[in-house]
Amino acid sequence: MLNLIIFGPPGAGKGTQAQKIAQELNLIHLSTGALLREEVSRQTNIGQRVQAIMVRGELVDDSIVDEIIKQKIENGQTAGFIFDGYPRTLNQAKNLDVLLAAKALPLTLNLEVSSDELIKRLKLRGQELGRSDDNEKTINNRLSIYQQQTRPLLDFYAEQKRLISVDGQGTIDEVYQRLQEKIKKIN
Ligand code: B4P
């Protein structure tokens, strides 16, 4: 079994690259952002609780995302998972290791992209898709929350030699090719 985490700040290309990797390696792609947006659009109990938090660009409670991921892992018959947007806190990272301990601990693929490029991509997506969290104020909030709460996970994975970093700038295909080269060495 191969379990991967695609990691990086908002706008780094996690969702974009995770889809391609999942298709090629036949992995289940789990995006907590997409799963939460689905809860919001269906106006479930969870959706109603997280809607305002997501619009502000803040992190949803660990307990909510941990439970969503737990259920997906338990129900998924697969060669492996690619986690996209999860984990985002140290508690989430530890929870994921517990859930996967009996299977295979995940390796982390980290996309490195400059702040200027991140802001450019997210603003463009805001104009094209109208996502409520892709406006200037929320983008800045998401980037600073990433620095404070999510980026420290890089040390957690590096210390355990489970971190692979890749240049996330360039075209989508160029980045994908860099990721493929790294993944070939794991397999
Ligand atoms: P996400 O959906 O994960 O939002 P994201 O960080 O912006 O990543 P996304 O995958 O969508 O964008 P990507 O970088 O691929 O989370 C949204 C919200 O949900 C969070 O703010 C939070 O509130 C909540 N949430 C989710 N998970 C959570 C968790 N675990 N704990 C707590 N809360 C959680 O792409 C961005 C854009 O760049 C796209 O338009 C893409 O087309 C473009 N792009 C990609 N690669 C490119 C390239 N190489 N060149 C040019 N453009 C590129």
# chains A, B, ... in the order shown; residues from 1 in each chain; ligands from 1
>>> closest_atom_pairs(of="chain A", to="ligand 1", cutoff="7 Å", atoms="only C-alpha atoms and all ligand atoms", output="Markdown table")
| residue | atom | partner | partner_atom_place_in_ligand_line | distance |
| --- | --- | --- | --- | --- |
| A:Pro9 | CA | ligand 1 | 6 (O) | 6.0 |
| A:Pro10 | CA | ligand 1 | 6 (O) | 3.3 |
| A:Gly11 | CA | ligand 1 | 14 (O) | 3.3 |
| A:Ala12 | CA | ligand 1 | 14 (O) | 4.0 |
| A:Gly13 | CA | ligand 1 | 14 (O) | 3.3 |
| A:Lys14 | CA | ligand 1 | 15 (O) | 4.0 |
| A:Gly15 | CA | ligand 1 | 10 (O) | 3.5 |
| A:Thr16 | CA | ligand 1 | 15 (O) | 4.4 |
| A:Gln17 | CA | ligand 1 | 15 (O) | 6.8 |
| A:Ser31 | CA | ligand 1 | 3 (O) | 6.5 |
| A:Thr32 | CA | ligand 1 | 27 (N) | 4.3 |
| A:Gly33 | CA | ligand 1 | 2 (O) | 3.4 |
| A:Ala34 | CA | ligand 1 | 2 (O) | 5.5 |
| A:Leu36 | CA | ligand 1 | 19 (O) | 6.4 |
| A:Ile53 | CA | ligand 1 | 23 (O) | 6.0 |
| A:Met54 | CA | ligand 1 | 23 (O) | 3.8 |
| A:Gly57 | CA | ligand 1 | 21 (O) | 4.4 |
| A:Glu58 | CA | ligand 1 | 23 (O) | 4.8 |
| A:Leu59 | CA | ligand 1 | 33 (N) | 3.8 |
| A:Val60 | CA | ligand 1 | 33 (N) | 3.9 |
| A:Asp61 | CA | ligand 1 | 32 (C) | 6.0 |
| A:Asp62 | CA | ligand 1 | 31 (N) | 6.0 |
| A:Val65 | CA | ligand 1 | 30 (N) | 5.8 |
| A:Asp84 | CA | ligand 1 | 3 (O) | 6.5 |
| A:Gly85 | CA | ligand 1 | 3 (O) | 4.2 |
| A:Tyr86 | CA | ligand 1 | 30 (N) | 4.0 |
| A:Pro87 | CA | ligand 1 | 30 (N) | 4.9 |
| A:Arg88 | CA | ligand 1 | 30 (N) | 4.8 |
| A:Arg121 | CA | ligand 1 | 38 (O) | 4.7 |
| A:Leu122 | CA | ligand 1 | 37 (C) | 5.4 |
| A:Leu124 | CA | ligand 1 | 40 (O) | 6.8 |
| A:Arg125 | CA | ligand 1 | 40 (O) | 4.4 |
| A:Arg142 | CA | ligand 1 | 21 (O) | 6.0 |
| A:Gly168 | CA | ligand 1 | 49 (N) | 6.3 |
| A:Gln169 | CA | ligand 1 | 49 (N) | 5.6 |
| A:Gly170 | CA | ligand 1 | 49 (N) | 5.2 |
| A:Thr171 | CA | ligand 1 | 49 (N) | 4.3 |
| A:Ile172 | CA | ligand 1 | 49 (N) | 3.8 |
| A:Val175 | CA | ligand 1 | 49 (N) | 6.2 |
>>> select_by_dssp(residues="range 31-129 of chain A", states="helix (DSSP H, G or I)", output="NGL selection string")
:A and (32-42 or 45-56 or 62-75 or 90-100 or 115-129)
>>> select_by_dssp(residues="range 28-124 of chain A", states="strand (DSSP E or B)", output="ChimeraX atom specification")
/A:28-31,81-84,107-112
>>> write_last_selection(atoms="C-alpha atoms", output="PDB file, in the first residue's frame")
ATOM      1  CA  ILE A  28      -8.186   7.366  -3.662  1.00  0.00           C
ATOM      2  CA  HIS A  29      -7.932  11.179  -3.673  1.00  0.00           C
ATOM      3  CA  LEU A  30      -9.198  12.673  -0.397  1.00  0.00           C
ATOM      4  CA  SER A  31      -9.443  16.477  -0.387  1.00  0.00           C
ATOM      5  CA  PHE A  81      -4.713   7.196  -0.555  1.00  0.00           C
ATOM      6  CA  ILE A  82      -3.494  10.624  -1.525  1.00  0.00           C
ATOM      7  CA  PHE A  83      -4.430  13.175   1.141  1.00  0.00           C
ATOM      8  CA  ASP A  84      -4.912  16.730  -0.136  1.00  0.00           C
ATOM      9  CA  LEU A 107       5.001  10.101   2.740  1.00  0.00           C
ATOM     10  CA  THR A 108       4.706  13.856   2.218  1.00  0.00           C
ATOM     11  CA  LEU A 109       5.211  15.581  -1.133  1.00  0.00           C
ATOM     12  CA  ASN A 110       5.724  19.279  -0.446  1.00  0.00           C
ATOM     13  CA  LEU A 111       5.120  21.860  -3.201  1.00  0.00           C
ATOM     14  CA  GLU A 112       7.298  24.981  -2.823  1.00  0.00           C
TER      15      GLU A 112
END
>>> closest_residue(among="A:Leu153, A:Val40, A:Ile5, A:Ala158", to="Ala52 in chain A", atoms="only C-alpha atoms")
A:Val40
>>> atom_distance(atom1="CA of Val113 in chain A", atom2="CA of Asp167 in chain A")
6.8 Å
>>> closest_residue(among="A:Asp116, A:Gln77, A:Glu128, A:Lys137", to="Lys103 in chain A", atoms="only C-alpha atoms")
A:Gln77
>>> atom_distance(atom1="CA of Gln180 in chain A", atom2="CA of Ala104 in chain A")
19.8 Å
>>> closest_residue(among="A:Ser132, A:Gln127, A:Ser115, A:Gln48", to="Ser144 in chain A", atoms="only C-alpha atoms")
A:Ser115
>>> closest_residue(among="A:Leu154, A:Ile73, A:Leu25, A:Ile64", to="Leu90 in chain A", atoms="only C-alpha atoms")
A:Leu154
>>> closest_residue(among="A:Asn91, A:Gln147, A:Asn75, A:Asn140", to="Gly8 in chain A", atoms="only C-alpha atoms")
A:Gln147
>>> closest_residue(among="A:Leu99, A:Met1, A:Gln23, A:Ile6", to="Thr78 in chain A", atoms="only C-alpha atoms")
A:Met1
>>> residues_around(residues="Tyr157 in chain A", least_positions_apart="4", cutoff="10 Å", atoms="only C-alpha atoms", output="compact mmCIF listing (two decimals) with C-alpha atoms, in the first residue's frame")
# COMPACT_ATOMS: atom_id res chain seq x y z
CA ALA A 93 -0.84 14.68 11.42
CA PRO A 106 2.15 8.38 4.55
CA LEU A 107 5.00 10.10 2.74
CA THR A 108 4.71 13.86 2.22
CA PRO A 152 5.49 23.52 11.18
CA LEU A 153 4.41 20.06 9.97
CA LYS A 161 12.54 11.30 6.91
CA ARG A 162 9.09 11.29 5.36
CA LEU A 163 9.38 14.59 3.49
CA ILE A 164 10.08 15.11 -0.22
>>> atom_distance(atom1="CA of Asp134 in chain A", atom2="CA of Tyr176 in chain A")
23.7 Å
